Amino acid sequence: MKASLILANGMVFEGESFGATGVVIGETVFTTGMNGYLETLTDPSYYGQIVTQTFPLIGNYGVIPKDFESGGCHVRAYIVRDMCEEPSNFRCEGKLEDWLISQNIIGLKGIDTRALTKVLRESGVMNGMIVSGDSDEAKEVMKAFGIKSTGVSAKSGTIFQNKLSEKAEEILIKIRKYTIVDAVKSVTGSASSIEESADIVFKESAEYRFVPVKNDGTKVYDPKVAMKGGKGKKVVLWDFGAKANIRRELLKRGLEVITVSGLATAKEIMALNPDGIMLSNGPGDPKENVGIISEIKKLIKAKIPIFGICLGHQLLALASGADTEKLKYGHRGPNQPVKYLETGRVYISTQNHGYAVKNDSLPKGAKLSFINTNDGTCEGVKYTKYPAFSVQFHPEACAGPLDTSFLFDDFVKLINDNKKEEK
């Protein structure tokens, strides 16, 4: 079945449909991962986005529910070059297309994803519409843009050169007006349905060598050793769209983890008497979350150790007086290099974000700890006036390298050091 992507600039890419059918608008982005497509699809941070995979073959290991980062799929639509029809993996429990259909996610395959990626790199992230199927709405859109029901039109992959019809102009206006709103509200709690106990988490992690990694690169296979520092300590995971593996990494360190909604208040969190607070990843524009930023300011005054990841990193920075900005095309994929300024060492990290903290906006008492070596943007902040630090990338990996897993140990140390000071 025919499917097409219509970008906000009038460019049309025509290919084949897979997954569900229909018409959907979203923010078109690309991710550079060679694997980890399941983690991408179930990562709540991709809420509202049409995700393009730059790696040409997707679906080769099928669907593995144990690798999910939440209970469902959060992308608006999915674009790949080639979809594997016959997956092969000893953990496979089904085909990717069948799962996308169950999640009502529209897919587009068979287009030149490299060409699309170049467009997004040059022009920046832009809204797009994917249309497939034979509904009245789909037929109306295809007719407006002269998209044939079979074959590929001569204009595929190029900007529409002729004068657009009135209907096509209306559709483009609709595409351009799309914005991601109420993002955190829409995804908070998404991972709660797949939560497991610490014993199960460590057993399964050890089986696949996904155990804690220390800052010298060595792995810790003994649960008692890994959990020693965090035993008896309670952490509140403030869920703005948390990936499941953040909780798993906290559990592996022996911490008791209590997950609260992204809409929770500082008063509710303080009532739990936590030893530390984890600000999770999540989708959307960080500045949209005015209420959450206000609540974080209250927690900062309480001087409870805080660790922020991705959106949590941005929200903590905003609450501290810094500013954020939208990046041209963002950083998405498990191959992003970051430099740890304290040691000069470069790590490869997993990332998924379209916004960043402005380097020159950091207030007194906050200093850069990591930078992106490609573009120099802020990848981490350490606070000196209160016990807190944050990173833009994902130290919990999944999918991706485990290089920066040691940051969870740093969080445990921050909690323990804070306890000593209280005494």
# chains A, B, ... in the order shown; residues from 1 in each chain; ligands from 1
call {"tool": "closest_atom_pairs", "arguments": {"of": "range 173-211 of chain A", "to": "range 46-53 of chain A", "cutoff": "12 Å", "atoms": "only C-alpha atoms", "output": "CSV"}}
result
residue,atom,partner,partner_atom,distance
A:Tyr178,CA,A:Gly48,CA,9.5
A:Thr179,CA,A:Gly48,CA,8.2
A:Ile180,CA,A:Gly48,CA,5.8
A:Val181,CA,A:Gly48,CA,8.6
A:Asp182,CA,A:Tyr47,CA,10.2
A:Ala183,CA,A:Tyr47,CA,6.9
A:Val184,CA,A:Tyr47,CA,9.1
A:Lys185,CA,A:Tyr47,CA,11.0
A:Ser186,CA,A:Tyr47,CA,8.4
A:Val187,CA,A:Tyr47,CA,7.7
A:Thr188,CA,A:Tyr47,CA,11.0
A:Ser190,CA,A:Tyr47,CA,11.3
call {"tool": "write_last_selection", "arguments": {"atoms": "N, CA and C atoms", "output": "compact mmCIF listing (two decimals), in the first residue's frame"}}
result
# COMPACT_ATOMS: atom_id res chain seq x y z
N TYR A 178 1.22 22.59 13.78
CA TYR A 178 1.28 21.54 14.80
C TYR A 178 2.35 21.84 15.84
N THR A 179 2.00 21.71 17.09
CA THR A 179 2.97 21.84 18.19
C THR A 179 2.72 20.74 19.21
N ILE A 180 3.77 20.36 19.90
CA ILE A 180 3.67 19.35 20.94
C ILE A 180 3.29 20.05 22.24
N VAL A 181 2.11 19.73 22.77
CA VAL A 181 1.64 20.36 24.01
C VAL A 181 1.28 19.30 25.05
N ASP A 182 1.30 19.71 26.32
CA ASP A 182 0.97 18.81 27.44
C ASP A 182 1.76 17.50 27.36
N ALA A 183 3.03 17.62 26.96
CA ALA A 183 3.85 16.43 26.72
C ALA A 183 4.05 15.59 27.99
N VAL A 184 4.52 16.22 29.07
CA VAL A 184 4.77 15.48 30.31
C VAL A 184 3.48 14.88 30.85
N LYS A 185 2.43 15.66 30.84
CA LYS A 185 1.12 15.19 31.32
C LYS A 185 0.67 13.96 30.54
N SER A 186 1.01 13.89 29.27
CA SER A 186 0.54 12.80 28.40
C SER A 186 1.31 11.50 28.60
N VAL A 187 2.54 11.56 29.11
CA VAL A 187 3.36 10.35 29.17
C VAL A 187 3.78 9.92 30.57
N THR A 188 3.58 10.77 31.58
CA THR A 188 4.02 10.39 32.92
C THR A 188 3.34 9.09 33.37
N SER A 190 4.17 6.13 32.17
CA SER A 190 4.14 5.17 31.06
C SER A 190 4.91 3.88 31.37
call {"tool": "residues_around", "arguments": {"residues": "Ala399 in chain A", "least_positions_apart": "5", "cutoff": "7 Å", "atoms": "only C-alpha atoms", "output": "number ranges by chain"}}
result
A: 36, 39, 334
call {"tool": "write_last_selection", "arguments": {"atoms": "N, CA, C and O atoms", "output": "PDB file, in the first residue's frame"}}
result
ATOM      1  N   GLY A  36      18.576  -0.810  18.805  1.00  0.00           N
ATOM      2  CA  GLY A  36      17.803  -0.108  19.813  1.00  0.00           C
ATOM      3  C   GLY A  36      16.508   0.500  19.318  1.00  0.00           C
ATOM      4  O   GLY A  36      15.977   1.421  19.939  1.00  0.00           O
ATOM      5  N   GLU A  39      13.757   0.362  21.983  1.00  0.00           N
ATOM      6  CA  GLU A  39      13.910   1.372  23.028  1.00  0.00           C
ATOM      7  C   GLU A  39      13.476   2.741  22.525  1.00  0.00           C
ATOM      8  O   GLU A  39      12.874   3.533  23.260  1.00  0.00           O
ATOM      9  N   PRO A 334      22.683   6.537  19.809  1.00  0.00           N
ATOM     10  CA  PRO A 334      23.600   6.024  20.845  1.00  0.00           C
ATOM     11  C   PRO A 334      25.074   6.189  20.492  1.00  0.00           C
ATOM     12  O   PRO A 334      25.908   5.369  20.884  1.00  0.00           O
TER      13      PRO A 334
END
call {"tool": "atom_distance", "arguments": {"atom1": "CA of Thr373 in chain A", "atom2": "CA of Tyr347 in chain A"}}
result
9.8 Å
call {"tool": "residues_around", "arguments": {"residues": "Thr117 in chain A", "least_positions_apart": "3", "cutoff": "8 Å", "atoms": "only C-alpha atoms", "output": "mmCIF file with N, CA and C atoms, in the first residue's frame"}}
result
data_model
loop_
_atom_site.group_PDB
_atom_site.id
_atom_site.type_symbol
_atom_site.label_atom_id
_atom_site.label_comp_id
_atom_site.auth_asym_id
_atom_site.auth_seq_id
_atom_site.Cartn_x
_atom_site.Cartn_y
_atom_site.Cartn_z
ATOM 1 N N PHE A 30 15.284 12.639 13.161
ATOM 2 C CA PHE A 30 16.016 11.425 12.806
ATOM 3 C C PHE A 30 16.862 10.962 13.980
ATOM 4 N N THR A 52 12.569 9.051 12.181
ATOM 5 C CA THR A 52 13.242 8.447 11.023
ATOM 6 C C THR A 52 14.504 7.736 11.479
ATOM 7 N N THR A 54 18.073 6.373 10.569
ATOM 8 C CA THR A 54 19.071 6.525 9.508
ATOM 9 C C THR A 54 19.676 5.183 9.115
ATOM 10 N N THR A 113 15.986 7.506 3.161
ATOM 11 C CA THR A 113 16.090 8.105 4.497
ATOM 12 C C THR A 113 17.334 8.975 4.638
ATOM 13 N N ARG A 114 18.372 8.694 3.862
ATOM 14 C CA ARG A 114 19.567 9.546 3.907
ATOM 15 C C ARG A 114 19.250 10.931 3.345
ATOM 16 N N LEU A 120 16.670 17.470 6.928
ATOM 17 C CA LEU A 120 16.454 17.866 8.320
ATOM 18 C C LEU A 120 17.704 18.494 8.930
ATOM 19 N N ARG A 121 18.878 18.059 8.481
ATOM 20 C CA ARG A 121 20.120 18.655 8.977
ATOM 21 C C ARG A 121 20.315 20.072 8.425
#
call {"tool": "closest_atom_pairs", "arguments": {"of": "range 310-379 of chain A", "to": "range 268-281 of chain A", "cutoff": "6 Å", "atoms": "only C-alpha atoms", "output": "CSV"}}
result
residue,atom,partner,partner_atom,distance
A:Cys310,CA,A:Asn281,CA,4.8
A:Leu311,CA,A:Asn281,CA,4.6
A:Gly312,CA,A:Leu279,CA,4.5
call {"tool": "write_last_selection", "arguments": {"atoms": "N, CA and C atoms", "output": "CSV table (one decimal), in the first residue's frame"}}
result
chain,number,residue,atom,x,y,z
A,310,CYS,N,18.4,14.4,31.0
A,310,CYS,CA,17.7,14.9,29.8
A,310,CYS,C,16.7,16.0,30.2
A,311,LEU,N,15.4,15.8,30.1
A,311,LEU,CA,14.5,16.8,30.4
A,311,LEU,C,14.7,17.3,31.9
A,312,GLY,N,14.9,16.3,32.8
A,312,GLY,CA,15.2,16.6,34.2
A,312,GLY,C,16.4,17.6,34.3
call {"tool": "atom_distance", "arguments": {"atom1": "CA of Thr32 in chain A", "atom2": "CA of Phe55 in chain A"}}
result
6.5 Å
call {"tool": "select_by_dssp", "arguments": {"residues": "range 99-331 of chain A", "states": "strand (DSSP E)", "output": "number ranges by chain"}}
result
A: 106-109, 126-132, 158-159, 234-239, 256-261, 276-279, 306-309, 324-331
call {"tool": "select_by_dssp", "arguments": {"residues": "range 230-332 of chain A", "states": "alpha helix (DSSP H)", "output": "ChimeraX atom specification"}}
result
/A:244-252,266-271,290-302,311-319
call {"tool": "write_last_selection", "arguments": {"atoms": "N, CA, C and O atoms", "output": "short mmCIF file (atom, residue, chain, number, x, y, z; two decimals), in the first residue's frame"}}
result
data_model
loop_
_atom_site.label_atom_id
_atom_site.label_comp_id
_atom_site.auth_asym_id
_atom_site.auth_seq_id
_atom_site.Cartn_x
_atom_site.Cartn_y
_atom_site.Cartn_z
N ALA A 244 12.32 3.16 31.62
CA ALA A 244 12.32 2.14 32.66
C ALA A 244 13.72 1.85 33.19
O ALA A 244 13.89 1.48 34.36
N ASN A 245 14.72 2.03 32.34
CA ASN A 245 16.06 1.65 32.77
C ASN A 245 16.66 2.62 33.79
O ASN A 245 17.64 2.27 34.47
N ILE A 246 16.12 3.81 33.93
CA ILE A 246 16.58 4.72 34.98
C ILE A 246 16.29 4.09 36.34
O ILE A 246 17.15 4.04 37.23
N ARG A 247 15.07 3.59 36.48
CA ARG A 247 14.69 2.93 37.74
C ARG A 247 15.54 1.69 37.97
O ARG A 247 15.99 1.44 39.09
N ARG A 248 15.79 0.93 36.91
CA ARG A 248 16.59 -0.29 37.05
C ARG A 248 18.00 0.03 37.55
O ARG A 248 18.55 -0.67 38.41
N GLU A 249 18.60 1.09 36.99
CA GLU A 249 19.96 1.45 37.40
C GLU A 249 20.01 1.91 38.86
O GLU A 249 20.99 1.68 39.56
N LEU A 250 18.97 2.56 39.32
CA LEU A 250 18.89 2.97 40.72
C LEU A 250 18.75 1.74 41.62
O LEU A 250 19.40 1.64 42.66
N LEU A 251 17.91 0.80 41.20
CA LEU A 251 17.71 -0.43 41.98
C LEU A 251 19.00 -1.24 42.08
O LEU A 251 19.30 -1.84 43.11
N LYS A 252 19.77 -1.27 41.00
CA LYS A 252 21.03 -2.03 41.00
C LYS A 252 22.02 -1.49 42.02
O LYS A 252 22.94 -2.19 42.41
N ALA A 266 6.10 19.54 45.26
CA ALA A 266 7.26 19.44 46.15
C ALA A 266 6.82 18.97 47.54
O ALA A 266 7.51 18.19 48.19
N LYS A 267 5.66 19.44 47.98
CA LYS A 267 5.15 19.05 49.29
C LYS A 267 4.90 17.55 49.35
O LYS A 267 5.24 16.88 50.34
N GLU A 268 4.32 17.00 48.28
CA GLU A 268 4.04 15.55 48.24
C GLU A 268 5.34 14.76 48.23
O GLU A 268 5.45 13.70 48.86
N ILE A 269 6.34 15.25 47.50
CA ILE A 269 7.62 14.57 47.44
C ILE A 269 8.34 14.64 48.77
O ILE A 269 8.89 13.64 49.26
N MET A 270 8.33 15.79 49.40
CA MET A 270 8.98 15.96 50.70
C MET A 270 8.33 15.06 51.77
O MET A 270 9.00 14.58 52.68
N ALA A 271 7.02 14.84 51.65
CA ALA A 271 6.29 14.00 52.61
C ALA A 271 6.79 12.56 52.59
O ALA A 271 6.61 11.82 53.56
N VAL A 290 6.02 25.15 33.43
CA VAL A 290 6.17 26.23 34.41
C VAL A 290 5.89 25.75 35.83
O VAL A 290 6.62 26.08 36.78
N GLY A 291 4.84 24.96 36.00
CA GLY A 291 4.48 24.47 37.33
C GLY A 291 5.54 23.57 37.92
O GLY A 291 5.89 23.68 39.11
N ILE A 292 6.09 22.67 37.11
CA ILE A 292 7.12 21.75 37.59
C ILE A 292 8.38 22.52 37.99
O ILE A 292 9.01 22.24 39.02
N ILE A 293 8.76 23.50 37.18
CA ILE A 293 9.94 24.31 37.47
C ILE A 293 9.78 25.02 38.82
O ILE A 293 10.72 25.08 39.63
N SER A 294 8.59 25.50 39.08
CA SER A 294 8.30 26.16 40.35
C SER A 294 8.45 25.20 41.52
O SER A 294 8.99 25.57 42.59
N GLU A 295 8.02 23.96 41.34
CA GLU A 295 8.13 22.96 42.40
C GLU A 295 9.58 22.54 42.63
O GLU A 295 9.99 22.28 43.77
N ILE A 296 10.37 22.47 41.55
CA ILE A 296 11.79 22.12 41.69
C ILE A 296 12.52 23.19 42.51
O ILE A 296 13.40 22.88 43.32
N LYS A 297 12.16 24.45 42.32
CA LYS A 297 12.77 25.53 43.10
C LYS A 297 12.59 25.31 44.59
O LYS A 297 13.50 25.58 45.39
N LYS A 298 11.44 24.79 44.98
CA LYS A 298 11.16 24.52 46.40
C LYS A 298 12.05 23.38 46.91
O LYS A 298 12.54 23.42 48.05
N LEU A 299 12.26 22.37 46.07
CA LEU A 299 13.10 21.24 46.48
C LEU A 299 14.56 21.64 46.57
O LEU A 299 15.31 21.11 47.40
N ILE A 300 14.99 22.55 45.70
CA ILE A 300 16.37 23.04 45.74
C ILE A 300 16.67 23.66 47.11
O ILE A 300 17.73 23.44 47.69
N LYS A 301 15.71 24.42 47.63
CA LYS A 301 15.89 25.07 48.93
C LYS A 301 16.02 24.06 50.06
O LYS A 301 16.66 24.33 51.08
N ALA A 302 15.42 22.88 49.88
CA ALA A 302 15.49 21.83 50.90
C ALA A 302 16.85 21.14 50.92
O ALA A 302 17.15 20.39 51.85
N LEU A 311 15.39 15.78 30.09
CA LEU A 311 14.45 16.84 30.43
C LEU A 311 14.65 17.28 31.88
O LEU A 311 14.58 18.47 32.19
N GLY A 312 14.93 16.32 32.76
CA GLY A 312 15.19 16.64 34.16
C GLY A 312 16.37 17.58 34.32
O GLY A 312 16.37 18.47 35.17
N HIS A 313 17.39 17.39 33.50
CA HIS A 313 18.56 18.27 33.46
C HIS A 313 18.16 19.68 33.05
O HIS A 313 18.59 20.67 33.67
N GLN A 314 17.33 19.80 32.05
CA GLN A 314 16.89 21.10 31.55
C GLN A 314 16.00 21.81 32.58
O GLN A 314 16.14 23.02 32.81
N LEU A 315 15.09 21.07 33.20
CA LEU A 315 14.20 21.66 34.19
C LEU A 315 14.96 22.15 35.42
O LEU A 315 14.65 23.21 35.98
N LEU A 316 15.96 21.38 35.85
CA LEU A 316 16.78 21.78 36.99
C LEU A 316 17.54 23.06 36.67
O LEU A 316 17.66 23.97 37.50
N ALA A 317 18.04 23.16 35.44
CA ALA A 317 18.77 24.35 35.01
C ALA A 317 17.84 25.57 34.98
O ALA A 317 18.21 26.66 35.45
N LEU A 318 16.65 25.40 34.46
CA LEU A 318 15.68 26.50 34.41
C LEU A 318 15.29 26.95 35.82
O LEU A 318 15.15 28.15 36.08
N ALA A 319 15.11 25.98 36.71
CA ALA A 319 14.76 26.30 38.09
C ALA A 319 15.90 27.02 38.81
O ALA A 319 15.66 27.76 39.77
#
call {"tool": "closest_residue", "arguments": {"among": "A:Lys303, A:Lys339, A:Lys233, A:Lys243", "to": "Ser192 in chain A", "atoms": "only C-alpha atoms"}}
result
A:Lys243
call {"tool": "atom_distance", "arguments": {"atom1": "CA of Val357 in chain A", "atom2": "CA of Met129 in chain A"}}
result
29.2 Å
call {"tool": "residues_around", "arguments": {"residues": "Glu166 in chain A", "least_positions_apart": "5", "cutoff": "12 Å", "atoms": "only C-alpha atoms", "output": "ChimeraX atom specification"}}
result
/A:141,143-145,171-173
call {"tool": "write_last_selection", "arguments": {"atoms": "C-alpha atoms", "output": "short mmCIF file (atom, residue, chain, number, x, y, z; two decimals), in the first residue's frame"}}
result
data_model
loop_
_atom_site.label_atom_id
_atom_site.label_comp_id
_atom_site.auth_asym_id
_atom_site.auth_seq_id
_atom_site.Cartn_x
_atom_site.Cartn_y
_atom_site.Cartn_z
CA VAL A 141 -4.55 14.73 0.95
CA LYS A 143 -5.27 14.25 -4.44
CA ALA A 144 -4.29 17.74 -3.21
CA PHE A 145 -0.58 16.98 -3.70
CA ILE A 171 -2.88 21.22 4.48
CA LEU A 172 0.60 22.77 4.69
CA ILE A 173 -0.71 25.46 7.02
#
call {"tool": "residues_around", "arguments": {"residues": "range 410-418 of chain A", "least_positions_apart": "4", "cutoff": "8 Å", "atoms": "only C-alpha atoms", "output": "list in words"}}
result
Gly229, Gly230, Arg253, Asp275, Gly276, Pro305, Ile306, Phe307, Pro387, Phe406 and Glu422 of chain A
call {"tool": "write_last_selection", "arguments": {"atoms": "C-alpha atoms", "output": "mmCIF file, in the first residue's frame"}}
result
data_model
loop_
_atom_site.group_PDB
_atom_site.id
_atom_site.type_symbol
_atom_site.label_atom_id
_atom_site.label_comp_id
_atom_site.auth_asym_id
_atom_site.auth_seq_id
_atom_site.Cartn_x
_atom_site.Cartn_y
_atom_site.Cartn_z
ATOM 1 C CA GLY A 229 26.321 2.039 48.906
ATOM 2 C CA GLY A 230 22.625 2.580 48.333
ATOM 3 C CA ARG A 253 22.725 0.360 43.429
ATOM 4 C CA ASP A 275 17.315 10.809 50.634
ATOM 5 C CA GLY A 276 17.586 11.791 46.977
ATOM 6 C CA PRO A 305 20.522 15.571 46.609
ATOM 7 C CA ILE A 306 19.188 15.792 43.048
ATOM 8 C CA PHE A 307 20.236 14.009 39.848
ATOM 9 C CA PRO A 387 23.869 18.961 46.248
ATOM 10 C CA PHE A 406 29.140 5.420 36.871
ATOM 11 C CA GLU A 422 23.531 16.285 58.243
#
call {"tool": "closest_residue", "arguments": {"among": "A:Gly282, A:Tyr208, A:His353, A:Gly19", "to": "His74 in chain A", "atoms": "only C-alpha atoms"}}
result
A:Gly282
call {"tool": "residues_around", "arguments": {"residues": "Ile175 in chain A", "least_positions_apart": "3", "cutoff": "12 Å", "atoms": "only C-alpha atoms", "output": "short mmCIF file (atom, residue, chain, number, x, y, z; two decimals) with N, CA and C atoms, in the first residue's frame"}}
result
data_model
loop_
_atom_site.label_atom_id
_atom_site.label_comp_id
_atom_site.auth_asym_id
_atom_site.auth_seq_id
_atom_site.Cartn_x
_atom_site.Cartn_y
_atom_site.Cartn_z
N LEU A 5 5.22 10.96 2.92
CA LEU A 5 5.54 11.98 3.92
C LEU A 5 5.49 13.34 3.24
N ILE A 6 4.73 14.25 3.79
CA ILE A 6 4.67 15.63 3.29
C ILE A 6 5.27 16.53 4.35
N LEU A 7 6.40 17.16 4.03
CA LEU A 7 7.06 18.05 4.98
C LEU A 7 6.44 19.45 4.93
N ALA A 8 6.68 20.21 5.97
CA ALA A 8 6.11 21.56 6.07
C ALA A 8 6.61 22.50 4.98
N ASN A 9 7.76 22.16 4.36
CA ASN A 9 8.30 23.01 3.29
C ASN A 9 7.74 22.63 1.91
N GLY A 10 6.82 21.66 1.88
CA GLY A 10 6.21 21.25 0.63
C GLY A 10 6.87 20.06 -0.02
N VAL A 23 -3.80 9.15 8.68
CA VAL A 23 -3.14 10.43 8.46
C VAL A 23 -2.71 10.97 9.82
N VAL A 24 -1.43 11.36 9.94
CA VAL A 24 -0.94 11.85 11.21
C VAL A 24 0.10 12.95 10.99
N ILE A 25 0.09 13.95 11.86
CA ILE A 25 1.06 15.05 11.81
C ILE A 25 1.96 14.98 13.04
N GLY A 26 3.24 15.26 12.85
CA GLY A 26 4.17 15.26 13.96
C GLY A 26 5.42 16.04 13.64
N GLU A 27 6.33 16.13 14.59
CA GLU A 27 7.62 16.79 14.39
C GLU A 27 8.58 15.75 13.83
N THR A 28 9.07 15.95 12.61
CA THR A 28 9.91 14.96 11.94
C THR A 28 11.36 15.08 12.39
N MET A 126 11.52 19.80 11.24
CA MET A 126 10.29 20.44 10.77
C MET A 126 9.12 19.48 10.89
N ASN A 127 7.94 20.06 10.92
CA ASN A 127 6.74 19.24 11.01
C ASN A 127 6.50 18.51 9.69
N GLY A 128 5.78 17.42 9.80
CA GLY A 128 5.46 16.65 8.61
C GLY A 128 4.16 15.89 8.80
N MET A 129 3.63 15.40 7.71
CA MET A 129 2.41 14.59 7.74
C MET A 129 2.66 13.28 7.00
N ILE A 130 2.30 12.18 7.61
CA ILE A 130 2.36 10.90 6.90
C ILE A 130 0.92 10.49 6.57
N VAL A 141 -5.92 14.20 0.85
CA VAL A 141 -4.55 14.73 0.95
C VAL A 141 -3.74 14.35 -0.28
N ALA A 168 -4.05 22.07 -0.96
CA ALA A 168 -2.69 21.72 -0.54
C ALA A 168 -2.11 22.79 0.39
N GLU A 169 -2.38 24.06 0.06
CA GLU A 169 -1.91 25.15 0.91
C GLU A 169 -2.55 25.06 2.30
N GLU A 170 -3.80 24.71 2.35
CA GLU A 170 -4.50 24.55 3.63
C GLU A 170 -3.86 23.44 4.47
N ILE A 171 -3.50 22.35 3.79
CA ILE A 171 -2.88 21.22 4.48
C ILE A 171 -1.51 21.60 5.03
N LEU A 172 -0.72 22.33 4.23
CA LEU A 172 0.60 22.77 4.69
C LEU A 172 0.49 23.71 5.89
N TYR A 178 1.22 22.59 13.78
CA TYR A 178 1.28 21.54 14.80
C TYR A 178 2.35 21.84 15.84
N THR A 179 2.00 21.71 17.09
CA THR A 179 2.97 21.84 18.19
C THR A 179 2.72 20.74 19.21
#
call {"tool": "residues_around", "arguments": {"residues": "Asn89 in chain A", "least_positions_apart": "5", "cutoff": "9 Å", "atoms": "only C-alpha atoms", "output": "ChimeraX atom specification"}}
result
/A:60-62
call {"tool": "decode", "arguments": {"residues": "range 396-403 of chain A", "atoms": "all heavy atoms", "output": "mmCIF file, in the first residue's frame"}}
result
data_model
loop_
_atom_site.group_PDB
_atom_site.id
_atom_site.type_symbol
_atom_site.label_atom_id
_atom_site.label_comp_id
_atom_site.auth_asym_id
_atom_site.auth_seq_id
_atom_site.Cartn_x
_atom_site.Cartn_y
_atom_site.Cartn_z
ATOM 1 N N GLU A 396 21.879 5.788 31.660
ATOM 2 C CA GLU A 396 21.265 4.463 31.824
ATOM 3 C C GLU A 396 21.303 3.675 30.524
ATOM 4 O O GLU A 396 20.900 2.513 30.483
ATOM 5 C CB GLU A 396 19.826 4.606 32.318
ATOM 6 C CG GLU A 396 18.785 4.906 31.269
ATOM 7 C CD GLU A 396 18.783 6.342 30.774
ATOM 8 O OE1 GLU A 396 19.527 7.161 31.340
ATOM 9 O OE2 GLU A 396 18.039 6.650 29.827
ATOM 10 N N ALA A 397 21.794 4.333 29.427
ATOM 11 C CA ALA A 397 21.924 3.704 28.100
ATOM 12 C C ALA A 397 20.575 3.156 27.639
ATOM 13 O O ALA A 397 19.582 3.839 27.691
ATOM 14 C CB ALA A 397 22.998 2.636 28.120
ATOM 15 N N CYS A 398 20.551 1.941 27.138
ATOM 16 C CA CYS A 398 19.303 1.285 26.711
ATOM 17 C C CYS A 398 18.603 2.043 25.592
ATOM 18 O O CYS A 398 17.649 2.767 25.834
ATOM 19 C CB CYS A 398 18.360 1.109 27.876
ATOM 20 S SG CYS A 398 18.142 -0.585 28.391
ATOM 21 N N ALA A 399 18.936 1.873 24.352
ATOM 22 C CA ALA A 399 20.113 1.120 23.910
ATOM 23 C C ALA A 399 21.302 2.076 23.858
ATOM 24 O O ALA A 399 21.122 3.274 23.732
ATOM 25 C CB ALA A 399 19.864 0.554 22.514
ATOM 26 N N GLY A 400 22.490 1.507 23.939
ATOM 27 C CA GLY A 400 23.656 2.368 23.867
ATOM 28 C C GLY A 400 24.783 1.899 24.758
ATOM 29 O O GLY A 400 24.666 0.904 25.462
ATOM 30 N N PRO A 401 25.902 2.618 24.736
ATOM 31 C CA PRO A 401 27.080 2.253 25.528
ATOM 32 C C PRO A 401 26.874 2.496 27.016
ATOM 33 O O PRO A 401 26.118 3.387 27.411
ATOM 34 C CB PRO A 401 28.168 3.177 24.962
ATOM 35 C CG PRO A 401 27.422 4.366 24.457
ATOM 36 C CD PRO A 401 26.126 3.825 23.920
ATOM 37 N N LEU A 402 27.562 1.724 27.837
ATOM 38 C CA LEU A 402 27.438 1.819 29.286
ATOM 39 C C LEU A 402 28.489 2.733 29.904
ATOM 40 O O LEU A 402 28.633 2.781 31.122
ATOM 41 C CB LEU A 402 27.570 0.417 29.907
ATOM 42 C CG LEU A 402 26.688 -0.686 29.315
ATOM 43 C CD1 LEU A 402 26.959 -2.004 30.028
ATOM 44 C CD2 LEU A 402 25.233 -0.317 29.423
ATOM 45 N N ASP A 403 29.203 3.474 29.066
ATOM 46 C CA ASP A 403 30.363 4.261 29.510
ATOM 47 C C ASP A 403 30.105 5.142 30.715
ATOM 48 O O ASP A 403 30.955 5.295 31.588
ATOM 49 C CB ASP A 403 30.857 5.164 28.364
ATOM 50 C CG ASP A 403 31.342 4.376 27.164
ATOM 51 O OD1 ASP A 403 30.863 3.249 26.973
ATOM 52 O OD2 ASP A 403 32.184 4.896 26.415
#
